[in-house]
file target.json (JSON, C-alpha atoms)
[["chain", "number", "residue", "atom", "x", "y", "z"],
["V", 17, "MET", "CA", 0.00, 0.00, 0.00],
["V", 18, "THR", "CA", 1.25, 3.52, -0.67],
["V", 19, "GLY", "CA", 0.58, 6.56, 1.45],
["V", 20, "ASN", "CA", -1.65, 8.03, -1.28],
["V", 21, "GLN", "CA", -4.24, 5.29, -1.31],
["V", 22, "THR", "CA", -7.25, 5.19, 0.93],
["V", 23, "THR", "CA", -8.38, 1.69, 1.81],
["V", 24, "ALA", "CA", -12.17, 1.72, 2.02],
["V", 25, "ALA", "CA", -12.76, -2.03, 2.54],
["V", 26, "PRO", "CA", -14.56, -2.36, 5.86],
["V", 27, "LEU", "CA", -12.67, -3.55, 8.89],
["V", 28, "ASP", "CA", -13.83, -6.84, 10.36],
["V", 29, "PRO", "CA", -15.31, -5.90, 13.77],
["V", 30, "ALA", "CA", -14.60, -9.39, 15.14],
["V", 31, "ALA", "CA", -10.92, -9.04, 14.24],
["V", 32, "VAL", "CA", -10.78, -5.54, 15.74],
["V", 33, "ALA", "CA", -12.45, -6.83, 18.93],
["V", 34, "ALA", "CA", -9.95, -9.71, 19.07],
["V", 35, "SER", "CA", -7.04, -7.27, 18.81],
["V", 36, "ILE", "CA", -8.57, -5.10, 21.60],
["V", 37, "ARG", "CA", -8.97, -8.21, 23.77],
["V", 38, "ALA", "CA", -5.40, -9.37, 23.15],
["V", 39, "ALA", "CA", -3.88, -5.92, 23.75],
["V", 40, "THR", "CA", -5.89, -5.28, 26.92],
["V", 41, "GLU", "CA", -5.15, -8.69, 28.40],
["V", 42, "GLU", "CA", -1.43, -8.29, 27.65],
["V", 43, "VAL", "CA", -1.30, -4.86, 29.34],
["V", 44, "PHE", "CA", -3.22, -6.17, 32.36],
["V", 45, "SER", "CA", -1.07, -9.26, 32.80],
["V", 46, "THR", "CA", 2.32, -7.68, 31.99],
["V", 47, "MET", "CA", 2.13, -4.19, 33.49],
["V", 48, "LEU", "CA", -0.63, -4.43, 36.08],
["V", 49, "GLY", "CA", -0.46, -8.00, 37.36],
["V", 50, "LEU", "CA", -4.24, -8.15, 37.15],
["V", 51, "GLU", "CA", -6.67, -10.39, 35.37],
["V", 52, "SER", "CA", -9.22, -8.91, 32.96],
["V", 53, "THR", "CA", -12.12, -10.98, 31.69],
["V", 54, "PRO", "CA", -13.45, -9.87, 28.31],
["V", 55, "GLY", "CA", -17.17, -9.88, 27.57],
["V", 56, "ASP", "CA", -18.90, -10.11, 24.20],
["V", 57, "TYR", "CA", -18.09, -7.26, 21.86],
["V", 58, "ALA", "CA", -20.76, -5.04, 20.36],
["V", 59, "VAL", "CA", -20.90, -2.76, 17.34],
["V", 60, "VAL", "CA", -22.79, 0.45, 18.10],
["V", 61, "ARG", "CA", -23.36, 3.73, 16.34],
["V", 62, "ASP", "CA", -23.87, 5.84, 19.47],
["V", 63, "ALA", "CA", -21.15, 7.33, 21.58],
["V", 64, "PRO", "CA", -21.23, 6.37, 25.27],
["V", 65, "GLY", "CA", -23.97, 7.97, 27.35],
["V", 66, "ALA", "CA", -23.34, 9.92, 30.51],
["V", 67, "ILE", "CA", -20.08, 8.83, 32.14],
["V", 68, "ASP", "CA", -19.23, 8.83, 35.84],
["V", 69, "GLY", "CA", -15.53, 8.22, 36.24],
["V", 70, "VAL", "CA", -12.52, 8.45, 34.00],
["V", 71, "VAL", "CA", -12.34, 8.32, 30.21],
["V", 72, "ALA", "CA", -9.20, 8.47, 28.08],
["V", 73, "LEU", "CA", -9.34, 9.30, 24.38],
["V", 74, "ILE", "CA", -6.65, 8.75, 21.79],
["V", 75, "GLY", "CA", -6.61, 9.60, 18.08],
["V", 76, "LEU", "CA", -5.29, 7.52, 15.19],
["V", 77, "ALA", "CA", -4.50, 9.00, 11.79],
["V", 78, "GLY", "CA", -3.29, 7.64, 8.46],
["V", 79, "THR", "CA", -5.23, 6.45, 5.42],
["V", 80, "TRP", "CA", -7.92, 5.71, 8.01],
["V", 81, "VAL", "CA", -8.67, 7.95, 10.96],
["V", 82, "GLY", "CA", -10.37, 7.23, 14.25],
["V", 83, "THR", "CA", -10.63, 7.43, 17.98],
["V", 84, "GLY", "CA", -10.02, 4.95, 20.77],
["V", 85, "MET", "CA", -11.60, 5.32, 24.20],
["V", 86, "VAL", "CA", -10.95, 3.58, 27.51],
["V", 87, "SER", "CA", -13.41, 4.29, 30.33],
["V", 88, "CYS", "CA", -13.83, 3.01, 33.87],
["V", 89, "SER", "CA", -15.00, 4.09, 37.30],
["V", 90, "ALA", "CA", -12.87, 6.35, 39.47],
["V", 91, "SER", "CA", -12.43, 3.45, 41.86],
["V", 92, "LEU", "CA", -11.04, 1.14, 39.17],
["V", 93, "ALA", "CA", -8.80, 3.92, 37.81],
["V", 94, "CYS", "CA", -7.27, 4.22, 41.30],
["V", 95, "THR", "CA", -6.75, 0.46, 41.50],
["V", 96, "LEU", "CA", -5.15, 0.30, 38.04],
["V", 97, "SER", "CA", -2.80, 3.17, 38.90],
["V", 98, "ALA", "CA", -1.75, 1.52, 42.17],
["V", 99, "HIS", "CA", -0.97, -1.71, 40.31],
["V", 100, "LEU", "CA", 0.88, 0.08, 37.49],
["V", 101, "LEU", "CA", 3.06, 1.90, 40.00],
["V", 102, "GLN", "CA", 3.42, -1.13, 42.26],
["V", 103, "GLY", "CA", 6.42, -1.21, 44.51],
["V", 104, "GLU", "CA", 6.10, 2.46, 45.41],
["V", 105, "GLU", "CA", 2.43, 2.49, 46.27],
["V", 106, "GLU", "CA", 1.06, -0.43, 48.21],
["V", 107, "GLY", "CA", -2.68, -0.93, 48.22],
["V", 108, "ARG", "CA", -5.29, 1.19, 46.52],
["V", 109, "ARG", "CA", -5.20, 4.90, 45.97],
["V", 110, "GLN", "CA", -8.04, 6.79, 47.57],
["V", 111, "ALA", "CA", -8.67, 9.58, 45.07],
["V", 112, "VAL", "CA", -8.18, 10.39, 41.41],
["V", 113, "ASP", "CA", -5.13, 12.65, 41.20],
["V", 114, "ASP", "CA", -2.65, 13.55, 38.47],
["V", 115, "GLU", "CA", -0.81, 10.26, 38.93],
["V", 116, "VAL", "CA", -4.01, 8.26, 38.43],
["V", 117, "LEU", "CA", -4.91, 10.26, 35.31],
["V", 118, "ASP", "CA", -1.39, 9.84, 33.95],
["V", 119, "SER", "CA", -1.56, 6.10, 34.64],
["V", 120, "LEU", "CA", -4.85, 5.74, 32.77],
["V", 121, "ALA", "CA", -3.40, 7.76, 29.86],
["V", 122, "GLU", "CA", -0.45, 5.36, 29.64],
["V", 123, "ILE", "CA", -2.64, 2.26, 29.96],
["V", 124, "THR", "CA", -4.78, 3.65, 27.10],
["V", 125, "ASN", "CA", -1.66, 4.41, 25.08],
["V", 126, "MET", "CA", -0.41, 0.84, 25.50],
["V", 127, "ILE", "CA", -3.77, -0.80, 24.71],
["V", 128, "LEU", "CA", -4.67, 1.32, 21.68],
["V", 129, "GLY", "CA", -1.04, 1.52, 20.56],
["V", 130, "ASN", "CA", -0.97, -2.25, 20.27],
["V", 131, "VAL", "CA", -4.35, -2.27, 18.52],
["V", 132, "LYS", "CA", -2.84, 0.26, 16.10],
["V", 133, "ASN", "CA", 0.01, -2.19, 15.38],
["V", 134, "PHE", "CA", -2.65, -4.72, 14.34],
["V", 135, "LEU", "CA", -4.55, -2.18, 12.23],
["V", 136, "GLU", "CA", -1.36, -1.07, 10.47],
["V", 137, "GLU", "CA", -1.00, -4.56, 8.99],
["V", 138, "GLN", "CA", -4.17, -3.86, 7.00],
["V", 139, "LEU", "CA", -4.35, -0.08, 6.75],
["V", 140, "GLY", "CA", -0.72, 1.02, 6.46],
["V", 141, "PRO", "CA", 1.27, 3.32, 8.78],
["V", 142, "MET", "CA", -0.68, 5.40, 11.30],
["V", 143, "GLY", "CA", 0.20, 8.02, 13.87],
["V", 144, "LEU", "CA", -1.07, 7.90, 17.43],
["V", 145, "SER", "CA", -2.03, 11.03, 19.35],
["V", 146, "ILE", "CA", -1.20, 11.96, 22.91],
["V", 147, "PRO", "CA", -4.05, 10.64, 25.11],
["V", 148, "THR", "CA", -6.57, 13.06, 26.60],
["V", 149, "VAL", "CA", -7.95, 12.00, 30.00],
["V", 150, "ILE", "CA", -11.13, 13.38, 31.59],
["V", 151, "PHE", "CA", -12.42, 12.73, 35.09],
["V", 152, "GLY", "CA", -15.83, 13.83, 36.28],
["V", 153, "ARG", "CA", -19.43, 12.95, 36.97],
["V", 154, "ASN", "CA", -22.28, 12.80, 34.50],
["V", 155, "PHE", "CA", -20.36, 14.05, 31.47],
["V", 156, "THR", "CA", -20.35, 12.98, 27.85],
["V", 157, "ALA", "CA", -17.38, 12.75, 25.53],
["V", 158, "ARG", "CA", -17.67, 13.03, 21.76],
["V", 159, "SER", "CA", -15.04, 12.64, 19.08],
["V", 160, "MET", "CA", -15.47, 14.26, 15.69],
["V", 161, "GLY", "CA", -16.03, 11.60, 13.08],
["V", 162, "GLU", "CA", -18.39, 9.05, 11.65],
["V", 163, "GLY", "CA", -18.90, 5.33, 11.72],
["V", 164, "GLU", "CA", -19.58, 2.63, 14.25],
["V", 165, "TRP", "CA", -17.78, 1.83, 17.45],
["V", 166, "VAL", "CA", -16.45, -1.61, 18.27],
["V", 167, "VAL", "CA", -17.00, -1.89, 22.03],
["V", 168, "VAL", "CA", -15.33, -4.52, 24.22],
["V", 169, "PRO", "CA", -16.21, -4.70, 27.95],
["V", 170, "PHE", "CA", -13.83, -6.21, 30.50],
["V", 171, "ALA", "CA", -14.58, -7.34, 34.04],
["V", 172, "CYS", "CA", -11.84, -6.62, 36.55],
["V", 173, "GLY", "CA", -12.78, -7.97, 39.95],
["V", 174, "VAL", "CA", -16.17, -6.50, 40.79],
["V", 175, "ASP", "CA", -15.60, -3.49, 38.55],
["V", 176, "HIS", "CA", -15.45, -3.13, 34.78],
["V", 177, "LEU", "CA", -13.61, -1.26, 32.06],
["V", 178, "GLU", "CA", -14.68, -0.59, 28.48],
["V", 179, "VAL", "CA", -12.50, -0.18, 25.39],
["V", 180, "ARG", "CA", -14.00, 1.38, 22.25],
["V", 181, "LEU", "CA", -12.57, 2.01, 18.81],
["V", 182, "ARG", "CA", -14.05, 3.70, 15.77],
["V", 183, "MET", "CA", -12.17, 3.88, 12.45],
["V", 184, "THR", "CA", -13.26, 5.35, 9.12],
["V", 185, "PRO", "CA", -11.44, 5.92, 5.82],
["V", 186, "ALA", "CA", -9.85, 9.37, 5.75],
["V", 187, "ARG", "CA", -11.23, 11.80, 3.21],
["V", 188, "GLN", "CA", -7.62, 12.79, 2.69],
["V", 189, "PRO", "CA", -4.81, 10.55, 3.97],
["V", 190, "GLN", "CA", -3.25, 12.15, 7.04],
["V", 191, "PRO", "CA", 0.51, 12.68, 7.23],
["V", 192, "LEU", "CA", 2.26, 10.26, 9.57],
["V", 193, "ARG", "CA", 2.87, 12.13, 12.83],
["V", 194, "HIS", "CA", 3.60, 10.83, 16.31],
["V", 195, "GLY", "CA", 2.20, 12.41, 19.43],
["V", 196, "PHE", "CA", -0.22, 14.82, 17.76],
["V", 197, "ALA", "CA", -3.02, 16.52, 19.69],
["V", 198, "PRO", "CA", -6.42, 15.03, 18.82],
["V", 199, "PRO", "CA", -9.56, 17.12, 18.29],
["V", 200, "HIS", "CA", -12.14, 16.07, 20.87],
["V", 201, "ALA", "CA", -15.34, 17.78, 21.94],
["V", 202, "MET", "CA", -16.53, 17.43, 25.49],
["V", 203, "ARG", "CA", -19.80, 18.34, 27.12],
["V", 204, "LEU", "CA", -19.41, 18.62, 30.88],
["L", 30, "MET", "CA", 31.63, 2.26, 35.02],
["L", 31, "PRO", "CA", 28.23, 3.15, 36.48],
["L", 32, "LEU", "CA", 25.49, 3.72, 33.95],
["L", 33, "ASP", "CA", 24.04, 7.25, 33.86],
["L", 34, "VAL", "CA", 20.64, 6.95, 32.24],
["L", 35, "LEU", "CA", 18.26, 9.48, 30.70],
["L", 36, "ILE", "CA", 14.62, 8.30, 30.60],
["L", 37, "VAL", "CA", 12.55, 10.18, 28.00],
["L", 38, "ASP", "CA", 8.79, 9.61, 28.16],
["L", 39, "ASP", "CA", 5.82, 11.98, 28.41],
["L", 40, "SER", "CA", 4.23, 9.61, 30.94],
["L", 41, "ALA", "CA", 5.38, 10.22, 34.51],
["L", 42, "ALA", "CA", 4.06, 6.73, 35.33],
["L", 43, "ILE", "CA", 6.39, 5.07, 32.80],
["L", 44, "ARG", "CA", 9.34, 7.18, 33.98],
["L", 45, "LYS", "CA", 8.66, 6.01, 37.53],
["L", 46, "ILE", "CA", 8.37, 2.35, 36.47],
["L", 47, "LEU", "CA", 11.61, 2.52, 34.47],
["L", 48, "GLN", "CA", 13.40, 4.16, 37.43],
["L", 49, "ARG", "CA", 12.33, 1.24, 39.60],
["L", 50, "VAL", "CA", 13.35, -1.37, 37.01],
["L", 51, "LEU", "CA", 16.77, 0.28, 36.59],
["L", 52, "LYS", "CA", 17.37, 0.21, 40.35],
["L", 53, "GLN", "CA", 16.60, -3.52, 40.41],
["L", 54, "ALA", "CA", 18.90, -4.29, 37.47],
["L", 55, "GLU", "CA", 22.19, -6.09, 38.01],
["L", 56, "VAL", "CA", 24.22, -3.33, 36.40],
["L", 57, "PRO", "CA", 26.08, -0.57, 38.26],
["L", 58, "LEU", "CA", 23.76, 2.43, 38.17],
["L", 59, "GLY", "CA", 24.87, 6.05, 38.43],
["L", 60, "GLN", "CA", 22.51, 9.01, 38.00],
["L", 61, "VAL", "CA", 19.05, 8.62, 36.46],
["L", 62, "HIS", "CA", 17.67, 11.72, 34.73],
["L", 63, "GLU", "CA", 14.21, 12.25, 33.27],
["L", 64, "ALA", "CA", 12.74, 14.25, 30.40],
["L", 65, "GLY", "CA", 9.13, 14.55, 29.20],
["L", 66, "ASP", "CA", 9.85, 14.94, 25.48],
["L", 67, "GLY", "CA", 12.64, 15.12, 22.93],
["L", 68, "LEU", "CA", 13.32, 18.83, 23.36],
["L", 69, "GLU", "CA", 13.70, 18.51, 27.11],
["L", 70, "ALA", "CA", 15.92, 15.49, 26.53],
["L", 71, "LEU", "CA", 18.31, 17.48, 24.33],
["L", 72, "ASP", "CA", 18.57, 20.12, 27.08],
["L", 73, "LYS", "CA", 19.33, 17.40, 29.65],
["L", 74, "LEU", "CA", 21.96, 15.87, 27.37],
["L", 75, "LYS", "CA", 23.73, 19.24, 27.17],
["L", 76, "ALA", "CA", 23.67, 19.69, 30.96],
["L", 77, "GLU", "CA", 24.17, 16.19, 32.37],
["L", 78, "LYS", "CA", 26.55, 13.28, 31.97],
["L", 79, "VAL", "CA", 24.56, 10.49, 30.31],
["L", 80, "SER", "CA", 25.75, 7.10, 29.07],
["L", 81, "LEU", "CA", 22.41, 5.57, 27.95],
["L", 82, "VAL", "CA", 19.09, 6.96, 26.71],
["L", 83, "LEU", "CA", 15.76, 5.11, 27.04],
["L", 84, "ALA", "CA", 13.23, 6.95, 24.84],
["L", 85, "ASP", "CA", 9.57, 6.63, 23.96],
["L", 86, "ILE", "CA", 8.50, 7.44, 20.38],
["L", 87, "ASN", "CA", 5.05, 9.05, 20.75],
["L", 88, "MET", "CA", 5.72, 12.29, 22.58],
["L", 89, "PRO", "CA", 4.66, 15.91, 22.12],
["L", 90, "ASN", "CA", 6.97, 18.68, 20.84],
["L", 91, "MET", "CA", 9.71, 16.32, 19.61],
["L", 92, "ASP", "CA", 9.06, 12.59, 19.21],
["L", 93, "GLY", "CA", 11.54, 9.82, 19.95],
["L", 94, "LEU", "CA", 12.61, 9.24, 16.36],
["L", 95, "GLN", "CA", 13.33, 12.95, 15.90],
["L", 96, "LEU", "CA", 15.33, 12.86, 19.14],
["L", 97, "LEU", "CA", 17.26, 9.81, 17.92],
["L", 98, "THR", "CA", 18.03, 11.60, 14.63],
["L", 99, "GLN", "CA", 19.32, 14.68, 16.51],
["L", 100, "ILE", "CA", 21.50, 12.57, 18.82],
["L", 101, "LYS", "CA", 23.06, 10.63, 15.94],
["L", 102, "ALA", "CA", 23.69, 13.88, 14.00],
["L", 103, "SER", "CA", 25.56, 15.44, 16.92],
["L", 104, "PRO", "CA", 29.34, 14.80, 17.07],
["L", 105, "ASP", "CA", 29.14, 15.12, 20.87],
["L", 106, "LEU", "CA", 26.25, 12.72, 21.35],
["L", 107, "LYS", "CA", 26.34, 10.21, 18.50],
["L", 108, "HIS", "CA", 28.25, 7.63, 20.58],
["L", 109, "LEU", "CA", 25.31, 7.39, 23.03],
["L", 110, "PRO", "CA", 23.30, 4.17, 22.85],
["L", 111, "VAL", "CA", 19.58, 4.94, 22.50],
["L", 112, "VAL", "CA", 17.00, 2.25, 23.30],
["L", 113, "MET", "CA", 13.44, 2.87, 22.13],
["L", 114, "VAL", "CA", 10.77, 1.84, 24.69],
["L", 115, "THR", "CA", 7.46, 2.24, 22.88],
["L", 116, "THR", "CA", 4.06, 0.86, 21.91],
["L", 117, "GLU", "CA", 5.15, 1.22, 18.27],
["L", 118, "GLY", "CA", 5.67, -2.41, 17.34],
["L", 119, "SER", "CA", 5.31, -2.62, 13.57],
["L", 120, "GLN", "CA", 8.26, -4.08, 11.68],
["L", 121, "SER", "CA", 8.61, -0.90, 9.60],
["L", 122, "ARG", "CA", 8.85, 1.29, 12.72],
["L", 123, "VAL", "CA", 11.44, -1.02, 14.30],
["L", 124, "MET", "CA", 13.48, -0.96, 11.06],
["L", 125, "GLU", "CA", 13.21, 2.84, 10.91],
["L", 126, "ALA", "CA", 14.57, 3.13, 14.45],
["L", 127, "VAL", "CA", 17.40, 0.67, 13.74],
["L", 128, "GLN", "CA", 18.33, 2.51, 10.53],
["L", 129, "LEU", "CA", 18.41, 5.78, 12.48],
["L", 130, "GLY", "CA", 20.88, 4.19, 14.90],
["L", 131, "ALA", "CA", 18.81, 2.79, 17.80],
["L", 132, "ALA", "CA", 20.81, 0.35, 19.92],
["L", 133, "GLY", "CA", 17.72, -1.55, 21.07],
["L", 134, "TYR", "CA", 13.96, -1.69, 20.91],
["L", 135, "VAL", "CA", 11.61, -2.72, 23.71],
["L", 136, "ARG", "CA", 7.89, -2.83, 23.03],
["L", 137, "LYS", "CA", 5.35, -1.67, 25.63],
["L", 138, "PRO", "CA", 3.91, -3.38, 27.60],
["L", 139, "PHE", "CA", 7.27, -4.63, 28.85],
["L", 140, "THR", "CA", 8.50, -6.80, 31.71],
["L", 141, "ALA", "CA", 11.30, -5.75, 34.04],
["L", 142, "ASP", "CA", 13.24, -8.70, 32.67],
["L", 143, "GLN", "CA", 13.08, -7.39, 29.10],
["L", 144, "ILE", "CA", 14.50, -4.02, 30.15],
["L", 145, "GLN", "CA", 17.18, -5.61, 32.32],
["L", 146, "ARG", "CA", 18.24, -8.01, 29.54],
["L", 147, "THR", "CA", 18.55, -5.08, 27.12],
["L", 148, "LEU", "CA", 20.72, -3.21, 29.64],
["L", 149, "ALA", "CA", 22.89, -6.29, 30.15],
["L", 150, "ASP", "CA", 23.38, -6.61, 26.38],
["L", 151, "LEU", "CA", 24.59, -3.00, 26.18],
["L", 152, "THR", "CA", 27.01, -3.11, 29.12]]
call {"tool": "encode", "arguments": {"input": "target.json", "output": "structure tokens"}}
result
Amino acid sequence: MTGNQTTAAPLDPAAVAASIRAATEEVFSTMLGLESTPGDYAVVRDAPGAIDGVVALIGLAGTWVGTGMVSCSASLACTLSAHLLQGEEEGRRQAVDDEVLDSLAEITNMILGNVKNFLEEQLGPMGLSIPTVIFGRNFTARSMGEGEWVVVPFACGVDHLEVRLRMTPARQPQPLRHGFAPPHAMRL
Amino acid sequence: MPLDVLIVDDSAAIRKILQRVLKQAEVPLGQVHEAGDGLEALDKLKAEKVSLVLADINMPNMDGLQLLTQIKASPDLKHLPVVMVTTEGSQSRVMEAVQLGAAGYVRKPFTADQIQRTLADLT
């Protein structure tokens, strides 16, 4: 594939969901020492409804463009951060602070970065944005773009985490850039 | 000779994890410095004594491959081994880093063992 072509053949949602499952489970087992149990994936047109907790968004750009989202409760975000930074912090953190938000950003970067590696085999080189992380109650997050989301839920203990990805062919192929700032719209 | 390391990653969490892994490694460790992007890393390299750079690729302001290019173009810095520690795992990206002069490549998520083995190979 060359950088000037736009591949419009649809992505197989089952294959995308499988790559999300594999990437999430690898991050959980390798970096967090936690088990994550994937649920059935869904393909939905709507963005998530009102969110209570933490959501991280990351943009992908190449011949296809899209957005990845990881969302979970504040409580799970604190647990994930404590496990990521294990050795310095024993036990669970009590509140969402900068370190928790940074941890969720990096977990999102690792999950969606590895999904991007899978997508690049079919769609050519892509750039990955710097993650944006939002914490709050009863807010909605929207990313500019069209198409359907592949949504994969994961159970983690009594809590759960959700990974979403939406990809569409770019109207104009985007130049390959690393660490770009994604356009997101938020309603708080 | 103790290893003076510069960790370059925009994630404070990853910098903290790498600090911990370095301290556990069976190599003599000197100073460990940190930078949040490529531009800050170049400033640190001018100011501090560094013998190894661990750098992410996806970073704001100056990414890891741009940093690697600048290091290898500098007569004062080109001897420095640079190991990429990144989610970028495609064969083409690994080849690009190697062609630019990377001494190693560790894909995130990583184990402490993978980092420590890479350090052992370089020392």
call {"tool": "axis_aligned_box", "arguments": {"input": "target.json", "around": "stretch 25-30 of chain V", "padding_each_side": "8 Å", "output": "JSON"}}
result
{"center_x": -14.0, "center_y": -5.7, "center_z": 8.8, "size_x": 18.6, "size_y": 23.4, "size_z": 28.6}
call {"tool": "interface_residues", "arguments": {"input": "target.json", "of": "chain V", "to": "chain L", "cutoff": "8 Å", "atoms": "all atoms listed in the file", "output": "PDB file with C-alpha atoms, keeping the file's coordinate frame"}}
result
ATOM      1  CA  GLU V  42      -1.430  -8.290  27.650  1.00  0.00           C
ATOM      2  CA  VAL V  43      -1.300  -4.860  29.340  1.00  0.00           C
ATOM      3  CA  THR V  46       2.320  -7.680  31.990  1.00  0.00           C
ATOM      4  CA  MET V  47       2.130  -4.190  33.490  1.00  0.00           C
ATOM      5  CA  LEU V 100       0.880   0.080  37.490  1.00  0.00           C
ATOM      6  CA  LEU V 101       3.060   1.900  40.000  1.00  0.00           C
ATOM      7  CA  GLU V 115      -0.810  10.260  38.930  1.00  0.00           C
ATOM      8  CA  ASP V 118      -1.390   9.840  33.950  1.00  0.00           C
ATOM      9  CA  SER V 119      -1.560   6.100  34.640  1.00  0.00           C
ATOM     10  CA  ALA V 121      -3.400   7.760  29.860  1.00  0.00           C
ATOM     11  CA  GLU V 122      -0.450   5.360  29.640  1.00  0.00           C
ATOM     12  CA  ASN V 125      -1.660   4.410  25.080  1.00  0.00           C
ATOM     13  CA  MET V 126      -0.410   0.840  25.500  1.00  0.00           C
ATOM     14  CA  GLY V 129      -1.040   1.520  20.560  1.00  0.00           C
ATOM     15  CA  ASN V 130      -0.970  -2.250  20.270  1.00  0.00           C
ATOM     16  CA  ASN V 133       0.010  -2.190  15.380  1.00  0.00           C
ATOM     17  CA  GLU V 136      -1.360  -1.070  10.470  1.00  0.00           C
ATOM     18  CA  LEU V 144      -1.070   7.900  17.430  1.00  0.00           C
ATOM     19  CA  SER V 145      -2.030  11.030  19.350  1.00  0.00           C
ATOM     20  CA  ILE V 146      -1.200  11.960  22.910  1.00  0.00           C
ATOM     21  CA  HIS V 194       3.600  10.830  16.310  1.00  0.00           C
ATOM     22  CA  GLY V 195       2.200  12.410  19.430  1.00  0.00           C
ATOM     23  CA  PHE V 196      -0.220  14.820  17.760  1.00  0.00           C
TER      24      PHE V 196
END
call {"tool": "atom_distance", "arguments": {"input": "target.json", "atom1": "atom CA of L:Gly67", "atom2": "atom CA of V:Ile127"}}
result
22.9 Å
call {"tool": "closest_residue", "arguments": {"input": "target.json", "among": "V:Leu48, V:Leu92, V:Val59, V:Ile74", "to": "V:Val32", "atoms": "all atoms listed in the file"}}
result
V:Val59
call {"tool": "atom_distance", "arguments": {"input": "target.json", "atom1": "atom CA of V:Pro185", "atom2": "atom CA of V:Gly163"}}
result
9.5 Å
call {"tool": "closest_residue", "arguments": {"input": "target.json", "among": "V:Phe155, V:Phe170, V:Phe44, V:Trp165", "to": "V:His99", "atoms": "all atoms listed in the file"}}
result
V:Phe44
call {"tool": "closest_residue", "arguments": {"input": "target.json", "among": "L:Ala131, L:Ala126, L:Glu63, L:Val56", "to": "L:Asp38", "atoms": "only C-alpha atoms"}}
result
L:Glu63
call {"tool": "atom_distance", "arguments": {"input": "target.json", "atom1": "atom CA of L:Ala70", "atom2": "atom CA of L:Leu151"}}
result
20.4 Å
call {"tool": "closest_residue", "arguments": {"input": "target.json", "among": "L:Ile36, L:Lys52, L:His108, L:Ser103", "to": "L:Lys73", "atoms": "only C-alpha atoms"}}
result
L:Ile36
call {"tool": "residues_around", "arguments": {"input": "target.json", "residues": "L:Val114", "least_positions_apart": "5", "cutoff": "7 Å", "atoms": "only C-alpha atoms", "output": "list in words"}}
result
Leu83, Ala84, Asp85, Tyr134, Val135, Arg136 and Lys137 of chain L
call {"tool": "write_last_selection", "arguments": {"input": "target.json", "atoms": "C-alpha atoms", "output": "PDB file, in the frame of the given file"}}
result
ATOM      1  CA  LEU L  83      15.760   5.110  27.040  1.00  0.00           C
ATOM      2  CA  ALA L  84      13.230   6.950  24.840  1.00  0.00           C
ATOM      3  CA  ASP L  85       9.570   6.630  23.960  1.00  0.00           C
ATOM      4  CA  TYR L 134      13.960  -1.690  20.910  1.00  0.00           C
ATOM      5  CA  VAL L 135      11.610  -2.720  23.710  1.00  0.00           C
ATOM      6  CA  ARG L 136       7.890  -2.830  23.030  1.00  0.00           C
ATOM      7  CA  LYS L 137       5.350  -1.670  25.630  1.00  0.00           C
TER       8      LYS L 137
END
call {"tool": "closest_residue", "arguments": {"input": "target.json", "among": "V:Ile67, V:Ala90, V:Val131, V:Leu50", "to": "V:Ala171", "atoms": "only C-alpha atoms"}}
result
V:Leu50
call {"tool": "residues_near_point", "arguments": {"input": "target.json", "point": "(20.3, 1.3, 20.8)", "cutoff": "8 Å", "atoms": "only C-alpha atoms", "output": "list in words"}}
result
Pro110, Val111, Val112, Met113, Val127, Gly130, Ala131, Ala132, Gly133 and Tyr134 of chain L
call {"tool": "write_last_selection", "arguments": {"input": "target.json", "atoms": "C-alpha atoms", "output": "PDB file, keeping the file's coordinate frame"}}
result
ATOM      1  CA  PRO L 110      23.300   4.170  22.850  1.00  0.00           C
ATOM      2  CA  VAL L 111      19.580   4.940  22.500  1.00  0.00           C
ATOM      3  CA  VAL L 112      17.000   2.250  23.300  1.00  0.00           C
ATOM      4  CA  MET L 113      13.440   2.870  22.130  1.00  0.00           C
ATOM      5  CA  VAL L 127      17.400   0.670  13.740  1.00  0.00           C
ATOM      6  CA  GLY L 130      20.880   4.190  14.900  1.00  0.00           C
ATOM      7  CA  ALA L 131      18.810   2.790  17.800  1.00  0.00           C
ATOM      8  CA  ALA L 132      20.810   0.350  19.920  1.00  0.00           C
ATOM      9  CA  GLY L 133      17.720  -1.550  21.070  1.00  0.00           C
ATOM     10  CA  TYR L 134      13.960  -1.690  20.910  1.00  0.00           C
TER      11      TYR L 134
END
call {"tool": "residues_around", "arguments": {"input": "target.json", "residues": "L:Leu35", "least_positions_apart": "4", "cutoff": "6 Å", "atoms": "all atoms listed in the file", "output": "list in words"}}
result
Val61, His62, Glu63 and Val82 of chain L
call {"tool": "decode", "arguments": {"input": "target.json", "residues": "stretch 30-46 of chain L", "atoms": "C-alpha atoms", "output": "PDB file, in the first residue's frame"}}
result
ATOM      1  CA  MET L  30      31.629   2.260  35.016  1.00  0.00           C
ATOM      2  CA  PRO L  31      28.232   3.154  36.481  1.00  0.00           C
ATOM      3  CA  LEU L  32      25.491   3.717  33.951  1.00  0.00           C
ATOM      4  CA  ASP L  33      24.043   7.250  33.859  1.00  0.00           C
ATOM      5  CA  VAL L  34      20.636   6.948  32.244  1.00  0.00           C
ATOM      6  CA  LEU L  35      18.264   9.478  30.704  1.00  0.00           C
ATOM      7  CA  ILE L  36      14.618   8.296  30.595  1.00  0.00           C
ATOM      8  CA  VAL L  37      12.551  10.176  27.997  1.00  0.00           C
ATOM      9  CA  ASP L  38       8.791   9.608  28.158  1.00  0.00           C
ATOM     10  CA  ASP L  39       5.823  11.979  28.409  1.00  0.00           C
ATOM     11  CA  SER L  40       4.229   9.607  30.937  1.00  0.00           C
ATOM     12  CA  ALA L  41       5.378  10.216  34.513  1.00  0.00           C
ATOM     13  CA  ALA L  42       4.065   6.730  35.334  1.00  0.00           C
ATOM     14  CA  ILE L  43       6.390   5.067  32.799  1.00  0.00           C
ATOM     15  CA  ARG L  44       9.344   7.184  33.977  1.00  0.00           C
ATOM     16  CA  LYS L  45       8.664   6.011  37.533  1.00  0.00           C
ATOM     17  CA  ILE L  46       8.374   2.347  36.467  1.00  0.00           C
TER      18      ILE L  46
END
